[in-house]
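Undergrad: Below is the file my_file-v6.cif, which contains mmCIF, C-alpha atoms.
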data_work
loop_
_atom_site.label_atom_id
_atom_site.label_comp_id
_atom_site.auth_asym_id
_atom_site.auth_seq_id
_atom_site.Cartn_x
_atom_site.Cartn_y
_atom_site.Cartn_z
CA MET A 1 -58.24 17.41 -7.04
CA THR A 2 -56.75 16.00 -10.24
CA ASN A 3 -55.60 12.43 -10.54
CA GLN A 4 -52.14 12.62 -11.98
CA PRO A 5 -50.18 9.47 -12.69
CA THR A 6 -47.33 8.83 -10.28
CA SER A 7 -43.92 7.69 -11.44
CA PRO A 8 -42.56 4.37 -10.18
CA THR A 9 -39.77 4.61 -7.66
CA ARG A 10 -36.19 4.11 -8.74
CA ARG A 11 -36.01 0.96 -6.61
CA ALA A 12 -39.09 -0.53 -8.33
CA VAL A 13 -37.65 0.14 -11.78
CA LEU A 14 -34.27 -1.43 -10.87
CA ALA A 15 -35.93 -4.49 -9.33
CA ALA A 16 -38.14 -5.04 -12.38
CA GLY A 17 -35.13 -4.69 -14.68
CA ALA A 18 -33.10 -7.20 -12.68
CA PHE A 19 -35.90 -9.77 -12.80
CA GLY A 20 -36.28 -9.23 -16.54
CA VAL A 21 -32.56 -9.76 -17.21
CA VAL A 22 -32.44 -12.92 -15.09
CA GLY A 23 -35.49 -14.30 -16.88
CA ALA A 24 -34.13 -13.51 -20.34
CA VAL A 25 -30.73 -15.07 -19.62
CA ALA A 26 -32.32 -18.17 -18.11
CA GLY A 27 -34.57 -18.52 -21.16
CA CYS A 28 -31.67 -18.27 -23.59
CA GLN A 29 -29.54 -20.70 -21.59
CA THR A 30 -32.30 -23.30 -21.54
CA TYR A 31 -33.00 -22.85 -25.23
CA GLY A 32 -29.32 -23.15 -26.15
CA ASN A 33 -28.75 -26.29 -24.09
CA GLU A 34 -31.92 -27.93 -25.35
CA SER A 35 -30.95 -27.10 -28.94
CA ALA A 36 -27.56 -28.71 -28.50
CA ALA A 37 -29.10 -31.72 -26.77
CA ALA A 38 -31.79 -32.16 -29.42
CA ALA A 39 -29.25 -31.95 -32.22
CA ASN A 40 -27.09 -34.59 -30.55
CA GLY A 41 -29.58 -37.19 -29.42
CA GLY A 42 -29.68 -35.87 -25.85
CA ASP A 43 -25.97 -35.12 -25.50
CA THR A 44 -24.99 -31.54 -24.74
CA ASP A 45 -21.34 -31.87 -25.73
CA THR A 46 -21.89 -31.82 -29.54
CA ASN A 47 -19.47 -34.66 -30.24
CA GLY A 48 -22.11 -37.19 -29.27
CA ASP A 49 -20.16 -39.32 -26.79
CA ASP A 50 -20.46 -37.67 -23.35
CA ALA A 51 -16.70 -38.18 -22.83
CA ALA A 52 -16.39 -34.84 -21.10
CA SER A 53 -18.86 -35.87 -18.40
CA ALA A 54 -17.85 -39.52 -17.95
CA GLU A 55 -16.35 -38.87 -14.51
CA SER A 56 -17.53 -36.70 -11.68
CA PRO A 57 -15.50 -33.54 -10.94
CA ALA A 58 -14.23 -35.18 -7.73
CA GLU A 59 -12.98 -38.21 -9.68
CA ASN A 60 -11.29 -35.94 -12.22
CA GLU A 61 -9.54 -33.94 -9.51
CA ALA A 62 -8.47 -37.10 -7.66
CA ALA A 63 -6.89 -38.38 -10.87
CA GLY A 64 -4.60 -35.34 -10.85
CA GLY A 65 -4.81 -31.62 -11.42
CA GLY A 66 -7.87 -29.67 -12.47
CA SER A 67 -11.23 -30.80 -13.69
CA ALA A 68 -11.03 -32.59 -17.06
CA ILE A 69 -13.55 -31.22 -19.54
CA ALA A 70 -12.49 -33.03 -22.73
CA SER A 71 -9.86 -35.12 -24.44
CA THR A 72 -7.55 -33.69 -27.10
CA ALA A 73 -8.83 -36.43 -29.43
CA ASP A 74 -12.33 -34.88 -29.19
CA VAL A 75 -11.18 -31.58 -30.73
CA ALA A 76 -10.47 -31.71 -34.47
CA VAL A 77 -7.68 -29.62 -35.98
CA GLY A 78 -9.37 -26.60 -37.56
CA GLY A 79 -12.49 -27.25 -35.51
CA GLY A 80 -13.72 -27.39 -31.98
CA LEU A 81 -15.96 -28.87 -29.32
CA VAL A 82 -18.82 -27.24 -27.43
CA VAL A 83 -19.01 -28.44 -23.82
CA ALA A 84 -22.39 -26.87 -23.04
CA ASP A 85 -22.67 -28.12 -19.45
CA ARG A 86 -19.43 -26.24 -18.67
CA SER A 87 -20.29 -23.25 -20.93
CA VAL A 88 -16.96 -23.69 -22.73
CA VAL A 89 -15.91 -24.05 -26.36
CA ILE A 90 -12.52 -25.63 -27.00
CA THR A 91 -10.94 -25.06 -30.40
CA GLN A 92 -7.77 -26.25 -32.13
CA PRO A 93 -7.00 -23.75 -34.93
CA THR A 94 -3.71 -25.52 -35.74
CA ALA A 95 -2.34 -28.88 -34.59
CA GLY A 96 -1.53 -28.80 -30.88
CA ASP A 97 -2.83 -25.24 -30.32
CA PHE A 98 -5.90 -25.52 -28.05
CA ARG A 99 -7.93 -22.46 -27.05
CA GLY A 100 -10.89 -21.94 -24.77
CA PHE A 101 -13.81 -19.54 -25.14
CA SER A 102 -17.11 -18.92 -23.40
CA ALA A 103 -19.96 -20.90 -24.98
CA VAL A 104 -22.38 -18.06 -24.20
CA CYS A 105 -23.14 -15.93 -27.26
CA THR A 106 -22.52 -12.23 -26.67
CA HIS A 107 -25.70 -11.24 -28.52
CA GLN A 108 -28.45 -12.50 -26.21
CA GLY A 109 -26.86 -15.20 -24.06
CA CYS A 110 -27.76 -18.33 -26.03
CA THR A 111 -25.37 -21.27 -25.84
CA VAL A 112 -23.43 -21.76 -29.07
CA ALA A 113 -24.20 -25.12 -30.65
CA SER A 114 -21.47 -26.08 -33.11
CA VAL A 115 -18.03 -25.45 -34.56
CA SER A 116 -17.57 -25.76 -38.31
CA ASP A 117 -15.73 -24.14 -41.21
CA GLY A 118 -13.46 -22.21 -38.82
CA THR A 119 -16.28 -20.63 -36.81
CA ILE A 120 -18.13 -21.14 -33.53
CA ASN A 121 -21.83 -20.94 -34.39
CA CYS A 122 -24.81 -19.71 -32.40
CA PRO A 123 -28.17 -21.19 -33.49
CA CYS A 124 -30.33 -18.38 -32.08
CA HIS A 125 -29.61 -15.41 -34.37
CA GLY A 126 -26.78 -16.53 -36.66
CA SER A 127 -23.73 -15.17 -34.82
CA ARG A 128 -20.42 -16.75 -35.85
CA PHE A 129 -17.09 -16.34 -34.05
CA SER A 130 -13.50 -17.13 -35.07
CA ILE A 131 -11.99 -20.34 -33.65
CA GLU A 132 -8.66 -18.51 -33.40
CA ASP A 133 -9.53 -15.56 -31.18
CA GLY A 134 -13.31 -15.53 -30.61
CA SER A 135 -13.74 -12.40 -32.74
CA VAL A 136 -17.05 -11.78 -34.51
CA VAL A 137 -17.00 -13.20 -38.06
CA GLN A 138 -20.73 -12.73 -38.62
CA ALA A 139 -22.86 -10.72 -36.22
CA ALA A 140 -26.36 -11.66 -35.14
CA SER A 141 -29.17 -10.79 -37.56
CA GLY A 142 -29.56 -7.04 -37.83
CA LEU A 143 -26.18 -6.17 -36.29
CA SER A 144 -22.84 -5.29 -37.81
CA PRO A 145 -19.71 -7.05 -36.46
CA ASP A 146 -18.63 -3.89 -34.61
CA GLN A 147 -21.95 -3.90 -32.70
CA GLN A 148 -21.30 -7.30 -31.09
CA ASP A 149 -18.61 -8.34 -28.63
CA PRO A 150 -16.26 -11.28 -29.28
CA LEU A 151 -16.51 -14.46 -27.22
CA PRO A 152 -14.44 -14.06 -24.06
CA SER A 153 -11.41 -16.33 -23.64
CA VAL A 154 -11.55 -19.09 -21.02
CA SER A 155 -8.36 -20.46 -19.47
CA ILE A 156 -7.71 -24.13 -20.17
CA ASN A 157 -4.73 -26.43 -19.62
CA VAL A 158 -3.68 -29.37 -21.76
CA ASP A 159 -2.10 -32.18 -19.75
CA GLY A 160 -1.21 -35.10 -22.00
CA ASP A 161 -4.45 -35.93 -23.80
CA SER A 162 -6.64 -34.27 -21.18
CA ILE A 163 -8.01 -30.74 -21.48
CA GLN A 164 -8.76 -29.24 -18.08
CA ALA A 165 -10.43 -26.14 -16.76
CA ALA A 166 -7.70 -23.82 -15.49
#
How does the structure come out when it is put into structure tokens?
TA:
Amino acid sequence: MTNQPTSPTRRAVLAAGAFGVVGAVAGCQTYGNESAAAANGGDTDTNGDDAASAESPAENEAAGGGSAIASTADVAVGGGLVVADRSVVITQPTAGDFRGFSAVCTHQGCTVASVSDGTINCPCHGSRFSIEDGSVVQAASGLSPDQQDPLPSVSINVDGDSIQAA
């Protein structure tokens, strides 16, 4: 009788893959949030003032409408604001034109850390995305822009000086 190696079952392979994906995403999320917090003296909202988290979601909703995530004054024209605890980036490409994008980089799931010079920037592998439409301006190291997905849009509403999750 010969000892031949047996192949793992399909179920075992799928289960191992699922655990690996969950672990990798969790690792990138933690790294991204810690990077943003370390760069901002413990704040995760990159503007350094915790304005987006000053009230609880229940208090925000009781004040009227959806959940406030930022103030329009926090988002510079031609720039943006990363609200890492909500996984949202809010940009203002031109005065009064506010746009929302996912703060999760499409390369390996890190949280983007900053907005500068017209791009949303991921600290993990150098990805940069347009503040206008989330398109890839510079792909992660080793990739071409057509090999990486843009940041997905996130619906936001501007009500007076409050920016709310839609």
Undergrad: I would like the residues chosen by the PyMOL selection byres ((chain A and resi 131-147) around 10) on the shown file; could you give them as an MDAnalysis selection string?
TA: chainID A and resid 78:80 89:94 97:102 105:108 115:130 148:153
Undergrad: So what do you get for atom CA of A:Ser114 versus atom CA of A:Ser71, distance-wise?
TA: 17.1 Å
Undergrad: So what do you get for atom CA of A:Gln164 versus atom CA of A:Ala68, distance-wise?
TA: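 These two atoms are separated by 4.2 Å.
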Undergrad: Translate the PyMOL selection byres ((chain A and resi 69) around 8), as applied to the file shown, into an explicit residue set as a JSON list (two decimals) with C-alpha atoms, in the coordinates of the input.
TA:
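Output file expr-v4.json follows:
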[["chain", "number", "residue", "atom", "x", "y", "z"],
["A", 52, "ALA", "CA", -16.39, -34.84, -21.10],
["A", 53, "SER", "CA", -18.86, -35.87, -18.40],
["A", 67, "SER", "CA", -11.23, -30.80, -13.69],
["A", 68, "ALA", "CA", -11.03, -32.59, -17.06],
["A", 70, "ALA", "CA", -12.49, -33.03, -22.73],
["A", 71, "SER", "CA", -9.86, -35.12, -24.44],
["A", 83, "VAL", "CA", -19.01, -28.44, -23.82],
["A", 86, "ARG", "CA", -19.43, -26.24, -18.67],
["A", 162, "SER", "CA", -6.64, -34.27, -21.18],
["A", 163, "ILE", "CA", -8.01, -30.74, -21.48],
["A", 164, "GLN", "CA", -8.76, -29.24, -18.08],
["A", 165, "ALA", "CA", -10.43, -26.14, -16.76]]
Undergrad: Could you please determine the separation between atom CA of A:Asp161 and atom CA of A:Ser87 in Å, to one decimal place?
TA: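 Separation between atom CA of A:Asp161 and atom CA of A:Ser87: 20.5 Å.
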Undergrad: From the options A:Val75, A:Leu81, A:Val154, A:Cys110, which residue's atoms come nearest to A:Ala95, counting all atoms listed in the file?
TA: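 Looking only at the distances to A:Ala95, the closest residue turns out to be A:Val75.
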Undergrad: Specify the axis-aligned box that encloses all atoms of stretch 152-165 of chain A listed in the file after padding of 6 Å on each side, stating its centre and edge lengths in Å to one decimal as lines of an AutoDock Vina configuration file.
TA:
center_x = -7.8
center_y = -25.0
center_z = -20.4
size_x = 25.2
size_y = 33.9
size_z = 19.3
